[in-house]
Amino acid sequence: MNRFKYILAGALTLLLITESWAQRRTDPEAEEEVYNSVSSIGITTNTNSGILGGFVYRHSKALPTLLKGKHQFRYLALELVNVKHPKEIASQNFITGSRFTYGKKNYLFVLRPEYGREIMFFNRHADEGISISGIVAAGPSIGLEKPYIIQFQSRPGVIVSEPYDEIKHAQTELIVGSGSFFQGFDKTSIVPGLHLKTALSFELSAFRDNMTGLEIGFLTEAFTRKIIIMPFAQNRSFFTSGYVTLYFGNKK
């Protein structure tokens, strides 16, 4: 919740700054920037993830018609994000020094293809200023429920790497640490779902053909069943999150 407040505070700060900038522009003859498409890649964080939440590819293509006098774009994106349970707390084995998350049964990774519209509220002029646009997009959510692998002392002197099981591994003192992240992908379950997001995009480019920007938004997501991340805690099939994406790309 605190991270969501920070995201909202950041969005409001940017809005106030850009509104002030827009009001100060007085040159009606300034050349408005025109382009047909934008491609960018970005890193994202959200209120259901760690500092690094995932990666995203974005592509916007100009449409020939205006929407209430505003330029509009076809918005396409592909996101891959990691979704964590709020009860996840990493612990450390003081004997081996290895870290693990007690009670974690599965990772949840989500692949999100998106289609939507991007509406330009404020456009840049020449190589100055900030562009602001609104985004509404939706699409399928492909949930990848991957087992969390631990190292467990099955008998004295024997340590095995296997998926965490809340019954089999009830003796937590025998958990040595977490296993390799790359183990367990062959046991991954696919859980389909849908998502919808709304966002504001702030383009902070320094050069006309290159771009740097922020996308700040809110996402809702529903799966066909509960995702079991922490079996001893409440698990959900419906998720909401606030997010921030820092993206880099180019325009044509």
# chains A, B, ... in the order shown; residues from 1 in each chain; ligands from 1

$ select_by_dssp --residues "segment 108-200 of chain A" --states "strand (DSSP E)" --output "NGL selection string"
:A and (108-122 or 131-147 or 149-155 or 158-163 or 175-178 or 189-200)

$ closest_residue --among "A:Gly249, A:Gly97, A:Pro64, A:Pro140" --to "Gly193 of chain A" --atoms "only C-alpha atoms"
A:Pro140

$ residues_around --residues "segment 157-162 of chain A" --least-positions-apart "5" --cutoff "9 Å" --atoms "only C-alpha atoms" --output "list in words"
Pro147, Tyr148, Ile149, Ile150, Gln151, Phe152, Val176, Ser178, Gly179, Ser180, Gln183 and Gly184 of chain A

$ write_last_selection --atoms "N, CA and C atoms" --output "compact mmCIF listing (two decimals), in the first residue's frame"
# COMPACT_ATOMS: atom_id res chain seq x y z
N PRO A 147 7.16 -24.05 -9.76
CA PRO A 147 7.49 -24.48 -8.39
C PRO A 147 8.71 -23.76 -7.84
N TYR A 148 8.66 -23.49 -6.55
CA TYR A 148 9.79 -22.91 -5.83
C TYR A 148 10.65 -24.05 -5.32
N ILE A 149 11.90 -24.08 -5.72
CA ILE A 149 12.80 -25.18 -5.39
C ILE A 149 13.59 -24.85 -4.13
N ILE A 150 13.65 -25.83 -3.21
CA ILE A 150 14.44 -25.67 -2.00
C ILE A 150 15.49 -26.78 -1.92
N GLN A 151 16.50 -26.55 -1.10
CA GLN A 151 17.48 -27.58 -0.76
C GLN A 151 17.11 -28.13 0.61
N PHE A 152 16.88 -29.44 0.66
CA PHE A 152 16.33 -30.07 1.87
C PHE A 152 17.21 -31.24 2.28
N VAL A 176 17.85 -26.25 3.96
CA VAL A 176 19.20 -25.67 3.92
C VAL A 176 19.19 -24.31 3.22
N SER A 178 17.46 -22.14 -0.68
CA SER A 178 16.70 -22.25 -1.92
C SER A 178 17.54 -22.92 -2.99
N GLY A 179 16.87 -23.60 -3.91
CA GLY A 179 17.56 -24.24 -5.02
C GLY A 179 17.80 -23.27 -6.16
N SER A 180 18.26 -23.79 -7.26
CA SER A 180 18.52 -22.97 -8.44
C SER A 180 17.21 -22.45 -9.03
N GLN A 183 15.75 -24.43 -11.99
CA GLN A 183 15.13 -25.73 -11.80
C GLN A 183 13.62 -25.58 -11.67
N GLY A 184 12.88 -26.57 -12.16
CA GLY A 184 11.44 -26.61 -11.98
C GLY A 184 10.62 -26.06 -13.12

$ atom_distance --atom1 "atom CA of Thr44 of chain A" --atom2 "atom CA of Val83 of chain A"
11.9 Å

$ select_by_dssp --residues "segment 65-238 of chain A" --states "helix (DSSP H, G or I)" --output "JSON, numbers by chain"
{"A": [172, 173, 174, 185, 186, 187]}

$ write_last_selection --atoms "C-alpha atoms" --output "compact mmCIF listing (two decimals), in the first residue's frame"
# COMPACT_ATOMS: atom_id res chain seq x y z
CA THR A 172 11.94 -26.09 8.62
CA GLU A 173 15.25 -26.69 10.38
CA LEU A 174 16.06 -29.22 7.63
CA PHE A 185 10.50 -24.98 -15.27
CA ASP A 186 9.50 -28.43 -16.60
CA LYS A 187 6.82 -28.56 -13.88

$ residues_around --residues "segment 45-58 of chain A" --least-positions-apart "2" --cutoff "7 Å" --atoms "only C-alpha atoms" --output "list of chain:residue names"
A:Arg3, A:Phe4, A:Ser39, A:Ser40, A:Ile41, A:Gly42, A:Ile43, A:Ser60, A:Leu76, A:Ala77, A:Leu78, A:Glu79, A:Leu80, A:Val81, A:Asn82, A:Val83, A:Lys84, A:His85, A:Ser241, A:Gly242, A:Tyr243, A:Val244, A:Thr245

$ write_last_selection --atoms "N, CA and C atoms" --output "short mmCIF file (atom, residue, chain, number, x, y, z; two decimals), in the first residue's frame"
data_model
loop_
_atom_site.label_atom_id
_atom_site.label_comp_id
_atom_site.auth_asym_id
_atom_site.auth_seq_id
_atom_site.Cartn_x
_atom_site.Cartn_y
_atom_site.Cartn_z
N ARG A 3 3.87 1.59 -1.22
CA ARG A 3 4.47 1.76 -2.55
C ARG A 3 3.46 2.35 -3.52
N PHE A 4 2.19 1.96 -3.39
CA PHE A 4 1.16 2.52 -4.26
C PHE A 4 0.98 4.00 -4.00
N SER A 39 8.66 2.81 -30.96
CA SER A 39 9.00 1.50 -30.42
C SER A 39 9.91 1.71 -29.22
N SER A 40 9.65 0.97 -28.14
CA SER A 40 10.46 1.15 -26.94
C SER A 40 10.49 -0.12 -26.11
N ILE A 41 11.51 -0.23 -25.29
CA ILE A 41 11.60 -1.30 -24.30
C ILE A 41 11.73 -0.66 -22.94
N GLY A 42 11.32 -1.38 -21.90
CA GLY A 42 11.35 -0.77 -20.59
C GLY A 42 11.49 -1.78 -19.48
N ILE A 43 11.80 -1.27 -18.28
CA ILE A 43 11.80 -2.07 -17.07
C ILE A 43 10.69 -1.52 -16.18
N SER A 60 3.64 1.99 -30.47
CA SER A 60 2.49 2.84 -30.78
C SER A 60 2.55 3.27 -32.24
N LEU A 76 0.30 -1.29 -28.73
CA LEU A 76 0.59 -2.71 -28.54
C LEU A 76 1.71 -2.84 -27.51
N ALA A 77 1.64 -3.87 -26.67
CA ALA A 77 2.70 -4.08 -25.69
C ALA A 77 2.77 -5.57 -25.34
N LEU A 78 3.94 -5.96 -24.86
CA LEU A 78 4.14 -7.32 -24.36
C LEU A 78 4.94 -7.20 -23.07
N GLU A 79 4.35 -7.67 -21.98
CA GLU A 79 4.99 -7.57 -20.67
C GLU A 79 5.30 -8.96 -20.12
N LEU A 80 6.40 -9.08 -19.41
CA LEU A 80 6.72 -10.27 -18.62
C LEU A 80 7.07 -9.79 -17.22
N VAL A 81 6.24 -10.15 -16.24
CA VAL A 81 6.42 -9.64 -14.88
C VAL A 81 6.40 -10.77 -13.86
N ASN A 82 6.99 -10.50 -12.73
CA ASN A 82 6.98 -11.41 -11.59
C ASN A 82 6.00 -10.87 -10.56
N VAL A 83 5.06 -11.71 -10.13
CA VAL A 83 4.07 -11.31 -9.13
C VAL A 83 4.38 -12.03 -7.82
N LYS A 84 4.54 -11.26 -6.75
CA LYS A 84 4.85 -11.83 -5.44
C LYS A 84 3.65 -11.76 -4.51
N HIS A 85 3.66 -12.63 -3.50
CA HIS A 85 2.65 -12.59 -2.46
C HIS A 85 3.09 -11.58 -1.40
N SER A 241 -2.85 -3.77 -9.07
CA SER A 241 -1.53 -3.21 -8.78
C SER A 241 -1.37 -1.84 -9.42
N GLY A 242 -0.58 -1.00 -8.78
CA GLY A 242 -0.09 0.22 -9.40
C GLY A 242 1.30 -0.06 -9.92
N TYR A 243 1.69 0.58 -10.99
CA TYR A 243 3.00 0.27 -11.58
C TYR A 243 3.64 1.52 -12.18
N VAL A 244 4.96 1.44 -12.34
CA VAL A 244 5.75 2.45 -13.02
C VAL A 244 6.69 1.75 -13.99
N THR A 245 6.72 2.20 -15.24
CA THR A 245 7.64 1.65 -16.24
C THR A 245 8.53 2.76 -16.75
#

$ closest_residue --among "A:Gly143, A:Thr198, A:Glu88, A:Thr188" --to "Arg225 of chain A" --atoms "only C-alpha atoms"
A:Gly143

$ atom_distance --atom1 "atom CA of Tyr75 of chain A" --atom2 "atom CA of Lys61 of chain A"
6.8 Å

$ atom_distance --atom1 "atom CA of Asn36 of chain A" --atom2 "atom CA of Leu214 of chain A"
19.8 Å

$ residues_around --residues "Ile132 of chain A" --least-positions-apart "2" --cutoff "7 Å" --atoms "only C-alpha atoms" --output "ChimeraX atom specification"
/A:120-123,130,200-203

$ decode --residues "segment 82-94 of chain A" --atoms "all heavy atoms" --output "compact mmCIF listing (two decimals), in the first residue's frame"
# COMPACT_ATOMS: atom_id res chain seq x y z
N ASN A 82 6.99 -10.50 -12.73
CA ASN A 82 6.98 -11.41 -11.59
C ASN A 82 6.00 -10.87 -10.56
O ASN A 82 6.08 -9.71 -10.16
CB ASN A 82 8.39 -11.51 -11.00
CG ASN A 82 8.43 -12.39 -9.76
OD1 ASN A 82 7.61 -13.29 -9.60
ND2 ASN A 82 9.39 -12.13 -8.90
N VAL A 83 5.06 -11.71 -10.13
CA VAL A 83 4.07 -11.31 -9.13
C VAL A 83 4.38 -12.03 -7.82
O VAL A 83 4.47 -13.26 -7.79
CB VAL A 83 2.64 -11.66 -9.60
CG1 VAL A 83 1.62 -11.29 -8.51
CG2 VAL A 83 2.32 -10.93 -10.90
N LYS A 84 4.54 -11.26 -6.75
CA LYS A 84 4.85 -11.83 -5.44
C LYS A 84 3.65 -11.76 -4.51
O LYS A 84 2.74 -10.93 -4.69
CB LYS A 84 6.04 -11.11 -4.81
CG LYS A 84 7.36 -11.33 -5.52
CD LYS A 84 8.50 -10.70 -4.73
CE LYS A 84 9.85 -11.02 -5.36
NZ LYS A 84 10.98 -10.48 -4.55
N HIS A 85 3.66 -12.63 -3.50
CA HIS A 85 2.65 -12.59 -2.46
C HIS A 85 3.09 -11.58 -1.40
O HIS A 85 4.28 -11.51 -1.06
CB HIS A 85 2.48 -13.97 -1.84
CG HIS A 85 1.24 -14.11 -1.01
ND1 HIS A 85 1.11 -13.56 0.26
CD2 HIS A 85 0.07 -14.75 -1.27
CE1 HIS A 85 -0.08 -13.85 0.74
NE2 HIS A 85 -0.74 -14.57 -0.16
N PRO A 86 2.20 -10.77 -0.85
CA PRO A 86 2.61 -9.77 0.15
C PRO A 86 3.20 -10.37 1.42
O PRO A 86 3.88 -9.67 2.18
CB PRO A 86 1.31 -9.00 0.45
CG PRO A 86 0.20 -9.87 -0.06
CD PRO A 86 0.76 -10.64 -1.21
N LYS A 87 2.98 -11.67 1.67
CA LYS A 87 3.51 -12.32 2.87
C LYS A 87 4.91 -12.88 2.67
O LYS A 87 5.50 -13.45 3.60
CB LYS A 87 2.57 -13.46 3.31
CG LYS A 87 1.17 -13.02 3.70
CD LYS A 87 1.17 -12.18 4.97
CE LYS A 87 -0.25 -11.86 5.41
NZ LYS A 87 -0.27 -11.04 6.66
N GLU A 88 5.46 -12.77 1.48
CA GLU A 88 6.79 -13.32 1.22
C GLU A 88 7.85 -12.54 2.00
O GLU A 88 7.96 -11.33 1.88
CB GLU A 88 7.12 -13.26 -0.27
CG GLU A 88 6.35 -14.24 -1.12
CD GLU A 88 6.87 -14.28 -2.55
OE1 GLU A 88 8.09 -14.14 -2.75
OE2 GLU A 88 6.04 -14.43 -3.47
N ILE A 89 8.63 -13.29 2.79
CA ILE A 89 9.75 -12.71 3.53
C ILE A 89 10.94 -13.65 3.39
O ILE A 89 10.85 -14.82 3.75
CB ILE A 89 9.42 -12.50 5.01
CG1 ILE A 89 8.23 -11.54 5.18
CG2 ILE A 89 10.65 -11.94 5.75
CD1 ILE A 89 7.79 -11.34 6.61
N ALA A 90 12.02 -13.15 2.85
CA ALA A 90 13.22 -13.98 2.68
C ALA A 90 13.91 -14.16 4.02
O ALA A 90 14.07 -13.22 4.80
CB ALA A 90 14.16 -13.34 1.67
N SER A 91 14.31 -15.41 4.31
CA SER A 91 15.03 -15.74 5.54
C SER A 91 16.42 -16.25 5.17
O SER A 91 16.70 -16.56 4.01
CB SER A 91 14.29 -16.82 6.34
OG SER A 91 12.97 -16.42 6.63
N GLN A 92 17.29 -16.36 6.17
CA GLN A 92 18.64 -16.84 5.93
C GLN A 92 18.97 -17.97 6.88
O GLN A 92 18.67 -17.90 8.08
CB GLN A 92 19.65 -15.70 6.11
CG GLN A 92 21.07 -16.09 5.70
CD GLN A 92 21.99 -14.89 5.67
OE1 GLN A 92 21.72 -13.87 6.29
NE2 GLN A 92 23.09 -14.99 4.95
N ASN A 93 19.54 -19.03 6.33
CA ASN A 93 20.03 -20.13 7.15
C ASN A 93 21.37 -19.70 7.75
O ASN A 93 22.33 -19.47 7.02
CB ASN A 93 20.19 -21.39 6.29
CG ASN A 93 20.57 -22.61 7.11
OD1 ASN A 93 21.53 -22.58 7.88
ND2 ASN A 93 19.81 -23.68 6.94
N PHE A 94 21.42 -19.58 9.08
CA PHE A 94 22.61 -19.02 9.72
C PHE A 94 23.79 -19.99 9.71
O PHE A 94 24.91 -19.60 9.99
CB PHE A 94 22.28 -18.60 11.16
CG PHE A 94 21.33 -17.44 11.23
CD1 PHE A 94 20.00 -17.64 11.57
CD2 PHE A 94 21.75 -16.15 10.94
CE1 PHE A 94 19.13 -16.57 11.62
CE2 PHE A 94 20.89 -15.08 10.99
CZ PHE A 94 19.56 -15.29 11.33
